[in-house]
>>> print(open('upload.cif').read())   # mmCIF, C-alpha atoms
data_protein
#
loop_
_atom_site.group_PDB
_atom_site.id
_atom_site.type_symbol
_atom_site.label_atom_id
_atom_site.label_comp_id
_atom_site.auth_asym_id
_atom_site.auth_seq_id
_atom_site.Cartn_x
_atom_site.Cartn_y
_atom_site.Cartn_z
ATOM 1 C CA MET Q 1 -0.485 1.007 -16.246
ATOM 2 C CA ARG Q 2 3.214 1.753 -16.162
ATOM 3 C CA LYS Q 3 5.367 -1.095 -17.392
ATOM 4 C CA PHE Q 4 7.771 -1.110 -14.465
ATOM 5 C CA VAL Q 5 5.102 -1.967 -11.872
ATOM 6 C CA VAL Q 6 5.202 -5.728 -12.506
ATOM 7 C CA PRO Q 7 9.036 -5.973 -12.249
ATOM 8 C CA LEU Q 8 8.862 -3.856 -9.094
ATOM 9 C CA PHE Q 9 6.329 -6.238 -7.564
ATOM 10 C CA ALA Q 10 8.475 -9.210 -8.572
ATOM 11 C CA LEU Q 11 11.624 -7.675 -7.088
ATOM 12 C CA ALA Q 12 9.852 -6.706 -3.866
ATOM 13 C CA GLY Q 13 8.385 -10.222 -3.632
ATOM 14 C CA LEU Q 14 11.847 -11.718 -4.093
ATOM 15 C CA ILE Q 15 13.234 -9.520 -1.315
ATOM 16 C CA PHE Q 16 10.361 -10.462 1.001
ATOM 17 C CA MET Q 17 10.995 -14.147 0.362
ATOM 18 C CA THR Q 18 14.764 -13.953 0.889
ATOM 19 C CA ALA Q 19 14.802 -11.429 3.757
ATOM 20 C CA PRO Q 20 13.830 -14.033 6.410
ATOM 21 C CA VAL Q 21 17.026 -15.986 5.562
ATOM 22 C CA LEU Q 22 19.201 -12.930 6.213
ATOM 23 C CA ILE Q 23 17.177 -12.022 9.295
ATOM 24 C CA ALA Q 24 17.537 -15.541 10.690
ATOM 25 C CA ARG Q 25 21.320 -15.400 10.149
ATOM 26 C CA ALA Q 26 21.638 -12.006 11.888
ATOM 27 C CA PRO Q 27 22.920 -12.162 15.471
ATOM 28 C CA PHE Q 28 20.575 -11.983 18.456
ATOM 29 C CA ALA Q 29 20.404 -8.764 20.452
ATOM 30 C CA ALA Q 30 21.423 -9.017 24.105
ATOM 31 C CA GLY Q 31 18.443 -9.427 26.420
ATOM 32 C CA MET Q 32 15.905 -9.760 23.602
ATOM 33 C CA GLY Q 33 16.259 -13.160 21.949
ATOM 34 C CA LEU Q 34 14.183 -14.238 18.969
ATOM 35 C CA ASP Q 35 11.612 -11.501 19.588
ATOM 36 C CA GLN Q 36 14.081 -8.906 18.283
ATOM 37 C CA LYS Q 37 13.645 -10.354 14.753
ATOM 38 C CA ILE Q 38 10.280 -8.531 14.579
ATOM 39 C CA PHE Q 39 12.287 -5.298 14.449
ATOM 40 C CA TYR Q 40 13.162 -6.043 10.772
ATOM 41 C CA PHE Q 41 9.464 -5.982 9.812
ATOM 42 C CA HIS Q 42 8.576 -3.172 12.213
ATOM 43 C CA MET Q 43 11.095 -0.393 11.664
ATOM 44 C CA PRO Q 44 10.894 -0.212 7.799
ATOM 45 C CA PRO Q 45 7.080 0.201 7.631
ATOM 46 C CA ALA Q 46 7.161 2.597 10.599
ATOM 47 C CA MET Q 47 9.820 4.725 8.893
ATOM 48 C CA LEU Q 48 7.957 4.585 5.578
ATOM 49 C CA MET Q 49 4.746 5.617 7.337
ATOM 50 C CA LEU Q 50 6.493 8.818 8.454
ATOM 51 C CA LEU Q 51 8.088 9.437 5.044
ATOM 52 C CA SER Q 52 4.772 8.748 3.329
ATOM 53 C CA ALA Q 53 2.985 11.209 5.646
ATOM 54 C CA ILE Q 54 5.583 13.867 4.786
ATOM 55 C CA PHE Q 55 5.244 13.081 1.065
ATOM 56 C CA CYS Q 56 1.441 13.183 1.272
ATOM 57 C CA GLY Q 57 1.521 16.542 3.076
ATOM 58 C CA THR Q 58 3.992 18.043 0.610
ATOM 59 C CA ILE Q 59 2.135 16.870 -2.501
ATOM 60 C CA SER Q 60 -1.170 18.005 -0.970
ATOM 61 C CA ALA Q 61 0.300 21.463 -0.354
ATOM 62 C CA VAL Q 62 1.355 21.553 -4.019
ATOM 63 C CA PHE Q 63 -2.183 20.489 -4.978
ATOM 64 C CA LEU Q 64 -3.676 23.296 -2.878
ATOM 65 C CA VAL Q 65 -1.530 25.800 -4.757
ATOM 66 C CA LYS Q 66 -1.599 24.402 -8.309
ATOM 67 C CA ARG Q 67 -4.966 22.551 -8.264
ATOM 68 C CA ARG Q 68 -3.802 19.938 -10.773
ATOM 69 C CA PRO Q 69 -5.560 16.545 -10.374
ATOM 70 C CA PHE Q 70 -2.298 14.600 -10.655
ATOM 71 C CA TYR Q 71 -1.113 15.968 -7.304
ATOM 72 C CA ASP Q 72 -4.435 15.015 -5.739
ATOM 73 C CA TRP Q 73 -4.152 11.446 -7.040
ATOM 74 C CA MET Q 74 -0.660 11.182 -5.577
ATOM 75 C CA GLY Q 75 -1.806 12.641 -2.257
ATOM 76 C CA TYR Q 76 -4.704 10.180 -2.074
ATOM 77 C CA ALA Q 77 -2.412 7.251 -2.893
ATOM 78 C CA ALA Q 78 0.182 8.375 -0.334
ATOM 79 C CA ALA Q 79 -2.491 8.738 2.379
ATOM 80 C CA GLU Q 80 -3.741 5.222 1.711
ATOM 81 C CA LEU Q 81 -0.206 3.843 1.876
ATOM 82 C CA THR Q 82 0.470 5.787 5.073
ATOM 83 C CA VAL Q 83 -2.495 3.997 6.638
ATOM 84 C CA LEU Q 84 -1.371 0.605 5.278
ATOM 85 C CA TYR Q 85 2.245 0.945 6.456
ATOM 86 C CA GLY Q 86 1.053 2.468 9.721
ATOM 87 C CA ALA Q 87 -1.244 -0.511 10.328
ATOM 88 C CA ILE Q 88 1.701 -2.882 9.810
ATOM 89 C CA ALA Q 89 3.837 -0.874 12.251
ATOM 90 C CA MET Q 90 0.977 -0.729 14.783
ATOM 91 C CA VAL Q 91 0.510 -4.507 14.696
ATOM 92 C CA THR Q 92 4.147 -5.643 14.597
ATOM 93 C CA GLY Q 93 5.158 -3.174 17.344
ATOM 94 C CA PRO Q 94 2.855 -4.634 20.026
ATOM 95 C CA LEU Q 95 3.899 -8.169 19.003
ATOM 96 C CA TRP Q 96 7.478 -7.185 19.848
ATOM 97 C CA ALA Q 97 6.463 -5.223 22.969
ATOM 98 C CA ARG Q 98 4.537 -8.155 24.449
ATOM 99 C CA LYS Q 99 7.793 -9.996 25.032
ATOM 100 C CA ALA Q 100 10.163 -7.051 25.461
ATOM 101 C CA TRP Q 101 8.014 -4.902 27.767
ATOM 102 C CA GLY Q 102 5.520 -7.476 29.049
ATOM 103 C CA VAL Q 103 2.535 -5.545 27.660
ATOM 104 C CA TRP Q 104 0.927 -5.202 24.239
ATOM 105 C CA TRP Q 105 0.554 -1.439 24.423
ATOM 106 C CA VAL Q 106 1.487 1.493 26.654
ATOM 107 C CA TRP Q 107 0.480 5.122 26.204
ATOM 108 C CA ASP Q 108 4.088 6.081 25.656
ATOM 109 C CA PRO Q 109 4.787 9.369 23.732
ATOM 110 C CA ARG Q 110 6.097 7.552 20.619
ATOM 111 C CA LEU Q 111 3.265 5.037 20.501
ATOM 112 C CA THR Q 112 0.569 7.602 21.247
ATOM 113 C CA MET Q 113 1.848 10.088 18.657
ATOM 114 C CA SER Q 114 2.213 7.368 16.025
ATOM 115 C CA PHE Q 115 -1.357 6.303 16.703
ATOM 116 C CA LEU Q 116 -2.550 9.917 16.382
ATOM 117 C CA LEU Q 117 -0.697 10.330 13.082
ATOM 118 C CA TRP Q 118 -2.265 7.133 11.807
ATOM 119 C CA MET Q 119 -5.710 8.376 12.884
ATOM 120 C CA ILE Q 120 -5.171 11.652 10.992
ATOM 121 C CA PHE Q 121 -4.610 9.708 7.785
ATOM 122 C CA VAL Q 122 -7.518 7.365 8.498
ATOM 123 C CA SER Q 123 -9.670 10.498 8.814
ATOM 124 C CA TYR Q 124 -8.212 11.694 5.471
ATOM 125 C CA LEU Q 125 -9.469 8.495 3.818
ATOM 126 C CA LEU Q 126 -12.865 8.725 5.513
ATOM 127 C CA LEU Q 127 -13.153 12.332 4.364
ATOM 128 C CA ARG Q 128 -12.358 11.313 0.780
ATOM 129 C CA ARG Q 129 -14.786 8.405 0.940
ATOM 130 C CA TYR Q 130 -17.787 10.171 2.478
ATOM 131 C CA GLY Q 131 -16.982 13.907 2.140
ATOM 132 C CA GLY Q 132 -18.585 14.379 -1.277
ATOM 133 C CA PRO Q 133 -17.548 17.006 -3.838
ATOM 134 C CA GLY Q 134 -14.846 19.358 -2.638
ATOM 135 C CA SER Q 135 -13.581 16.958 -0.007
ATOM 136 C CA GLU Q 136 -10.227 16.729 -1.809
ATOM 137 C CA MET Q 137 -9.405 20.288 -0.704
ATOM 138 C CA LEU Q 138 -10.297 19.625 2.933
ATOM 139 C CA ALA Q 139 -8.394 16.349 2.847
ATOM 140 C CA ALA Q 140 -5.328 18.098 1.410
ATOM 141 C CA GLY Q 141 -5.402 20.524 4.347
ATOM 142 C CA LEU Q 142 -5.643 17.596 6.727
ATOM 143 C CA ALA Q 143 -2.635 15.950 5.051
ATOM 144 C CA VAL Q 144 -0.566 19.100 5.597
ATOM 145 C CA PHE Q 145 -1.536 18.938 9.276
ATOM 146 C CA GLY Q 146 -0.523 15.257 9.346
ATOM 147 C CA MET Q 147 2.830 16.115 7.787
ATOM 148 C CA ALA Q 148 3.461 18.739 10.481
ATOM 149 C CA THR Q 149 2.921 16.016 13.113
ATOM 150 C CA SER Q 150 5.501 13.624 11.593
ATOM 151 C CA PRO Q 151 8.733 15.227 12.930
ATOM 152 C CA PHE Q 152 7.280 15.157 16.456
ATOM 153 C CA VAL Q 153 6.571 11.442 16.110
ATOM 154 C CA TYR Q 154 10.186 10.819 15.110
ATOM 155 C CA LEU Q 155 11.710 13.073 17.768
ATOM 156 C CA SER Q 156 9.292 12.112 20.560
ATOM 157 C CA VAL Q 157 11.678 9.438 21.867
ATOM 158 C CA ASN Q 158 14.418 12.054 22.280
ATOM 159 C CA ILE Q 159 12.204 14.789 23.724
ATOM 160 C CA TRP Q 160 10.147 12.867 26.277
ATOM 161 C CA ARG Q 161 10.864 10.051 28.712
ATOM 162 C CA THR Q 162 9.949 6.889 26.921
ATOM 163 C CA ILE Q 163 10.465 3.156 26.986
ATOM 164 C CA HIS Q 164 10.614 2.961 23.199
ATOM 165 C CA PRO Q 165 14.153 2.534 21.752
ATOM 166 C CA LEU Q 166 15.753 5.873 20.838
ATOM 167 C CA THR Q 167 16.539 7.214 17.360
ATOM 168 C CA THR Q 168 20.225 6.473 17.981
ATOM 169 C CA VAL Q 169 19.654 2.699 17.720
ATOM 170 C CA VAL Q 170 19.398 2.439 13.922
ATOM 171 C CA PRO Q 171 22.381 4.668 12.937
ATOM 172 C CA THR Q 172 24.675 2.814 15.357
ATOM 173 C CA LEU Q 173 23.668 -0.719 14.320
ATOM 174 C CA PRO Q 174 26.570 -3.088 13.573
ATOM 175 C CA VAL Q 175 26.695 -4.338 9.964
ATOM 176 C CA ASP Q 176 25.343 -7.781 10.943
ATOM 177 C CA PHE Q 177 22.121 -6.139 12.111
ATOM 178 C CA ALA Q 178 22.071 -3.257 9.621
ATOM 179 C CA PHE Q 179 22.355 -5.271 6.394
ATOM 180 C CA PRO Q 180 19.167 -7.364 6.874
ATOM 181 C CA LEU Q 181 17.380 -4.247 8.106
ATOM 182 C CA TRP Q 182 18.166 -2.122 5.043
ATOM 183 C CA TYR Q 183 17.558 -5.124 2.780
ATOM 184 C CA ALA Q 184 14.044 -5.454 4.231
ATOM 185 C CA PHE Q 185 13.640 -1.665 4.002
ATOM 186 C CA THR Q 186 14.438 -1.839 0.266
ATOM 187 C CA GLY Q 187 11.679 -4.438 -0.181
ATOM 188 C CA PHE Q 188 9.156 -2.276 1.642
ATOM 189 C CA LEU Q 189 10.242 0.783 -0.361
ATOM 190 C CA LEU Q 190 9.984 -0.972 -3.739
ATOM 191 C CA LEU Q 191 6.546 -2.206 -2.797
ATOM 192 C CA TYR Q 192 5.593 1.332 -1.788
ATOM 193 C CA ILE Q 193 6.637 2.703 -5.191
ATOM 194 C CA ALA Q 194 4.810 -0.092 -7.041
ATOM 195 C CA LEU Q 195 1.616 0.351 -5.018
ATOM 196 C CA MET Q 196 1.796 4.130 -5.394
ATOM 197 C CA THR Q 197 2.086 3.821 -9.196
ATOM 198 C CA LEU Q 198 -0.802 1.368 -9.321
ATOM 199 C CA ARG Q 199 -2.989 3.542 -7.082
ATOM 200 C CA VAL Q 200 -2.286 6.717 -9.056
ATOM 201 C CA ASP Q 201 -3.139 4.861 -12.263
ATOM 202 C CA ILE Q 202 -6.508 3.816 -10.809
ATOM 203 C CA GLU Q 203 -7.283 7.415 -9.848
ATOM 204 C CA ARG Q 204 -6.252 8.605 -13.314
ATOM 205 C CA GLN Q 205 -8.606 6.095 -14.953
ATOM 206 C CA ARG Q 206 -11.415 7.009 -12.566
ATOM 207 C CA THR Q 207 -11.079 10.675 -13.451
ATOM 208 C CA MET Q 208 -11.080 9.742 -17.126
ATOM 209 C CA LEU Q 209 -14.225 7.677 -16.555
ATOM 210 C CA ASP Q 210 -15.984 10.584 -14.791
ATOM 211 C CA GLN Q 211 -15.013 12.832 -17.675
ATOM 212 C CA LEU Q 212 -16.438 10.344 -20.179
ATOM 213 C CA TYR Q 213 -19.713 10.065 -18.262
ATOM 214 C CA LEU Q 214 -20.009 13.846 -18.187
ATOM 215 C CA GLU Q 215 -19.314 14.131 -21.887
ATOM 216 C CA SER Q 216 -21.707 11.314 -22.776
ATOM 217 C CA GLU Q 217 -24.513 13.090 -20.893
ATOM 218 C CA GLU Q 218 -23.957 16.332 -22.787
ATOM 219 C CA MET D 1 -5.514 -5.973 80.464
ATOM 220 C CA LYS D 2 -6.265 -9.445 79.127
ATOM 221 C CA LYS D 3 -6.740 -7.995 75.651
ATOM 222 C CA PHE D 4 -3.422 -6.168 75.924
ATOM 223 C CA TYR D 5 -1.530 -9.418 76.694
ATOM 224 C CA LEU D 6 -3.312 -11.170 73.858
ATOM 225 C CA ALA D 7 -2.372 -8.418 71.391
ATOM 226 C CA ALA D 8 1.236 -8.387 72.645
ATOM 227 C CA PHE D 9 1.431 -12.176 72.212
ATOM 228 C CA VAL D 10 0.158 -11.981 68.640
ATOM 229 C CA LEU D 11 2.527 -9.121 67.722
ATOM 230 C CA MET D 12 5.484 -10.928 69.327
ATOM 231 C CA ASN D 13 4.761 -13.958 67.131
ATOM 232 C CA ALA D 14 4.571 -11.702 64.100
ATOM 233 C CA VAL D 15 7.974 -10.231 64.911
ATOM 234 C CA MET D 16 9.616 -13.563 65.761
ATOM 235 C CA PHE D 17 8.316 -15.675 62.874
ATOM 236 C CA ALA D 18 7.971 -13.042 60.122
ATOM 237 C CA GLN D 19 9.893 -13.740 56.946
ATOM 238 C CA ALA D 20 12.681 -11.272 56.248
ATOM 239 C CA GLY D 21 11.853 -8.743 53.498
ATOM 240 C CA GLN D 22 13.641 -8.995 50.211
ATOM 241 C CA SER D 23 16.554 -6.593 50.316
ATOM 242 C CA GLU D 24 17.998 -7.252 46.864
ATOM 243 C CA PHE D 25 17.421 -9.123 43.596
ATOM 244 C CA GLN D 26 19.453 -12.238 43.033
ATOM 245 C CA PRO D 27 20.960 -12.310 39.535
ATOM 246 C CA VAL D 28 20.575 -15.490 37.461
ATOM 247 C CA THR D 29 21.987 -16.253 34.044
ATOM 248 C CA GLU D 30 18.966 -18.201 32.810
ATOM 249 C CA ILE D 31 15.391 -18.559 33.931
ATOM 250 C CA PRO D 32 13.628 -21.921 33.713
ATOM 251 C CA ALA D 33 12.084 -22.754 30.342
ATOM 252 C CA SER D 34 8.643 -22.938 31.953
ATOM 253 C CA GLU D 35 8.970 -19.267 32.941
ATOM 254 C CA GLN D 36 9.954 -18.055 29.475
ATOM 255 C CA MET D 37 7.458 -16.696 27.007
ATOM 256 C CA PRO D 38 7.897 -18.247 23.557
ATOM 257 C CA SER D 39 8.927 -15.711 20.896
ATOM 258 C CA ALA D 40 8.374 -17.819 17.784
ATOM 259 C CA PRO D 41 4.556 -17.360 17.621
ATOM 260 C CA LEU D 42 5.013 -13.587 17.940
ATOM 261 C CA VAL D 43 7.635 -13.477 15.164
ATOM 262 C CA ILE D 44 5.536 -15.708 12.885
ATOM 263 C CA ALA D 45 2.417 -13.612 13.588
ATOM 264 C CA ALA D 46 4.290 -10.394 12.738
ATOM 265 C CA TYR D 47 5.674 -11.784 9.466
ATOM 266 C CA ALA D 48 2.322 -13.322 8.514
ATOM 267 C CA PHE D 49 0.509 -10.052 9.162
ATOM 268 C CA VAL D 50 2.893 -8.156 6.868
ATOM 269 C CA TRP D 51 2.213 -10.631 4.037
ATOM 270 C CA LEU D 52 -1.515 -10.668 4.695
ATOM 271 C CA ALA D 53 -1.779 -6.859 4.731
ATOM 272 C CA PHE D 54 0.036 -6.534 1.409
ATOM 273 C CA VAL D 55 -1.791 -9.408 -0.272
ATOM 274 C CA VAL D 56 -5.190 -8.004 0.742
ATOM 275 C CA TYR D 57 -4.237 -4.487 -0.377
ATOM 276 C CA VAL D 58 -2.842 -5.614 -3.744
ATOM 277 C CA TRP D 59 -5.919 -7.775 -4.306
ATOM 278 C CA THR D 60 -8.257 -4.820 -3.651
ATOM 279 C CA MET D 61 -6.150 -2.685 -6.015
ATOM 280 C CA TRP D 62 -6.386 -5.239 -8.827
ATOM 281 C CA ARG D 63 -10.137 -5.491 -8.282
ATOM 282 C CA LYS D 64 -10.576 -1.712 -8.423
ATOM 283 C CA LEU D 65 -8.392 -1.460 -11.504
ATOM 284 C CA GLY D 66 -10.269 -4.265 -13.249
ATOM 285 C CA LYS D 67 -13.610 -2.656 -12.432
ATOM 286 C CA VAL D 68 -12.579 0.771 -13.736
ATOM 287 C CA GLU D 69 -11.058 -0.709 -16.908
ATOM 288 C CA GLN D 70 -14.196 -2.751 -17.549
ATOM 289 C CA GLU D 71 -16.411 0.287 -17.020
ATOM 290 C CA LEU D 72 -14.247 2.328 -19.377
ATOM 291 C CA GLN D 73 -14.489 -0.329 -22.038
ATOM 292 C CA THR D 74 -18.266 -0.680 -21.636
ATOM 293 C CA LEU D 75 -18.723 3.063 -21.848
ATOM 294 C CA SER D 76 -16.554 3.426 -24.912
ATOM 295 C CA THR D 77 -18.293 0.592 -26.782
ATOM 296 C CA GLN D 78 -21.860 1.576 -25.832
ATOM 297 C CA ILE D 79 -21.711 5.347 -26.090
ATOM 298 C CA LEU D 80 -18.576 6.590 -27.720
ATOM 299 C CA GLN D 81 -18.199 4.261 -30.695
ATOM 300 C CA PRO D 82 -21.582 5.162 -32.236
ATOM 301 C CA ARG D 83 -20.616 8.814 -31.783
ATOM 302 C CA ALA D 84 -17.297 8.279 -33.447
ATOM 303 C CA ALA D 85 -19.082 6.517 -36.306
ATOM 304 C CA ARG D 86 -21.311 9.599 -36.704
ATOM 305 C CA GLY D 87 -18.176 11.750 -36.758
ATOM 306 C CA ASP D 88 -18.743 13.558 -33.433
ATOM 307 C CA GLY D 89 -15.082 13.162 -32.475
ATOM 308 C CA ALA D 90 -13.483 11.297 -29.610
ATOM 309 C CA PRO D 91 -14.443 12.926 -26.292
ATOM 310 C CA HIS D 92 -11.875 10.999 -24.277
ATOM 311 C CA GLU D 93 -9.141 13.109 -25.852
ATOM 312 C CA SER D 94 -10.060 15.911 -23.464
ATOM 313 C CA ALA D 95 -9.661 13.732 -20.367
ATOM 314 C CA PRO D 96 -6.968 14.975 -17.981
ATOM 315 C CA ARG D 97 -3.643 13.243 -18.390
ATOM 316 C CA GLU D 98 -0.250 13.500 -16.819
#
>>> encode(input="upload.cif", output="structure tokens")
Amino acid sequence: MRKFVVPLFALAGLIFMTAPVLIARAPFAAGMGLDQKIFYFHMPPAMLMLLSAIFCGTISAVFLVKRRPFYDWMGYAAAELTVLYGAIAMVTGPLWARKAWGVWWVWDPRLTMSFLLWMIFVSYLLLRRYGGPGSEMLAAGLAVFGMATSPFVYLSVNIWRTIHPLTTVVPTLPVDFAFPLWYAFTGFLLLYIALMTLRVDIERQRTMLDQLYLESEE
Amino acid sequence: MKKFYLAAFVLMNAVMFAQAGQSEFQPVTEIPASEQMPSAPLVIAAYAFVWLAFVVYVWTMWRKLGKVEQELQTLSTQILQPRAARGDGAPHESAPRE
């Protein structure tokens, strides 16, 4: 395993432990109260879910062209992390919405499209788990399809009528709000890189193990 | 005719004693505490879920990694070392690497 994974985990853990202090010190948003603090754990994983879906689609497209196992391992790892970060966004979002909107869930364009994107990557994992030999090629095609969906998820709040906050909220945040947000984002990103490295390493060792079994049978 | 007077009497009462419809919302600066939904459990639940999700995922990763490493070690000691002793070479050299 790569040597920098443990320091990355430690650094991410440190950020996760100190982020609540910064978040607690950040000002309250008008009309939202304490509930708005969920935003700091909701936006970073939601954004990383989209970036991870784009990364997974890109690396899968490279795999489809070059057919090198390394790209497949990265695609598999990215798909798994897309589902993990998506699950966090899907749970923290309704916890915020319950107070802000009065409901846990609405079939709003942003929420519905995010859910569909998440389902695409869940189906990727199911395909890899139960698809048998050759499923990596089908899954790579599915990842490219998932990547194509990502920009629509991001832009959905600007295109359609929605109750979800618009994309203009984050770029226009005052420093008091923005600093804890990007601090938390850094923690989520470091954890993403560490988990990705760990996951790719597992896939590399699995492939090596399969190779050894094949060679031992010969 | 009797029914008509009865109906008129009932309708007249409805008109005279009906409460006026709400024509506008009255603004207030604060609603009573009993009407407010507490946010703290939602914030704590969100933060706890983030930790839980990562802890569970990392734990499953370590388990998978441990299992694969153990299997690799078992395979190399049981099958590959006797081969190496016979001078058949080390097959794991041909395993894909990046």
>>> closest_atom_pairs(input="upload.cif", of="chain Q", to="chain D", cutoff="6 Å", atoms="all atoms listed in the file", output="tab-separated table")
residue	atom	partner	partner_atom	distance
Q:Leu34	CA	D:Ser39	CA	5.8
Q:Asp35	CA	D:Ser39	CA	5.2
Q:Ile38	CA	D:Val43	CA	5.6
Q:Thr92	CA	D:Ala46	CA	5.1
Q:Leu95	CA	D:Leu42	CA	5.6
Q:Ile202	CA	D:Leu65	CA	5.6
Q:Met208	CA	D:Ala95	CA	5.3
>>> residues_around(input="upload.cif", residues="Tyr183 (chain Q)", least_positions_apart="6", cutoff="12 Å", atoms="only C-alpha atoms", output="PyMOL selection string")
chain Q and resi 11-12+14-23+40-41+43-44+175-177+189-190
>>> write_last_selection(input="upload.cif", atoms="C-alpha atoms", output="mmCIF file, in the frame of the given file")
data_model
loop_
_atom_site.group_PDB
_atom_site.id
_atom_site.type_symbol
_atom_site.label_atom_id
_atom_site.label_comp_id
_atom_site.auth_asym_id
_atom_site.auth_seq_id
_atom_site.Cartn_x
_atom_site.Cartn_y
_atom_site.Cartn_z
ATOM 1 C CA LEU Q 11 11.624 -7.675 -7.088
ATOM 2 C CA ALA Q 12 9.852 -6.706 -3.866
ATOM 3 C CA LEU Q 14 11.847 -11.718 -4.093
ATOM 4 C CA ILE Q 15 13.234 -9.520 -1.315
ATOM 5 C CA PHE Q 16 10.361 -10.462 1.001
ATOM 6 C CA MET Q 17 10.995 -14.147 0.362
ATOM 7 C CA THR Q 18 14.764 -13.953 0.889
ATOM 8 C CA ALA Q 19 14.802 -11.429 3.757
ATOM 9 C CA PRO Q 20 13.830 -14.033 6.410
ATOM 10 C CA VAL Q 21 17.026 -15.986 5.562
ATOM 11 C CA LEU Q 22 19.201 -12.930 6.213
ATOM 12 C CA ILE Q 23 17.177 -12.022 9.295
ATOM 13 C CA TYR Q 40 13.162 -6.043 10.772
ATOM 14 C CA PHE Q 41 9.464 -5.982 9.812
ATOM 15 C CA MET Q 43 11.095 -0.393 11.664
ATOM 16 C CA PRO Q 44 10.894 -0.212 7.799
ATOM 17 C CA VAL Q 175 26.695 -4.338 9.964
ATOM 18 C CA ASP Q 176 25.343 -7.781 10.943
ATOM 19 C CA PHE Q 177 22.121 -6.139 12.111
ATOM 20 C CA LEU Q 189 10.242 0.783 -0.361
ATOM 21 C CA LEU Q 190 9.984 -0.972 -3.739
#
>>> resolve_selection(input="upload.cif", expression="the PyMOL selection byres ((chain Q and resi 154) around 9)", output="list in words")
Met47, Leu50, Arg110, Ser114, Ser150, Pro151, Phe152, Val153, Leu155, Ser156, Val157, Asn158 and Thr167 of chain Q
>>> resolve_selection(input="upload.cif", expression="the PyMOL selection byres ((chain Q and resi 109) around 7)", output="ChimeraX atom specification")
/Q:107-108,110-113,156,160,162
>>> atom_distance(input="upload.cif", atom1="CA of Ala53 (chain Q)", atom2="CA of Phe70 (chain Q)")
17.5 Å
>>> resolve_selection(input="upload.cif", expression="the PyMOL selection byres ((chain Q and resi 118) around 10)", output="ChimeraX atom specification")
/Q:49-50,53,79,82-87,90,112-117,119-124,146
>>> atom_distance(input="upload.cif", atom1="CA of Ala100 (chain Q)", atom2="CA of Phe25 (chain D)")
19.6 Å
>>> closest_residue(input="upload.cif", among="Q:Ala194, Q:Phe28, Q:Ser216, Q:Met74", to="Phe4 (chain Q)", atoms="only C-alpha atoms")
Q:Ala194
>>> atom_distance(input="upload.cif", atom1="CA of Thr60 (chain D)", atom2="CA of Glu136 (chain Q)")
21.7 Å
>>> axis_aligned_box(input="upload.cif", around="region 186-196 of chain Q", padding_each_side="5 Å", output="lines of an AutoDock Vina configuration file")
center_x = 8.0
center_y = -0.2
center_z = -2.7
size_x = 22.8
size_y = 18.6
size_z = 18.7
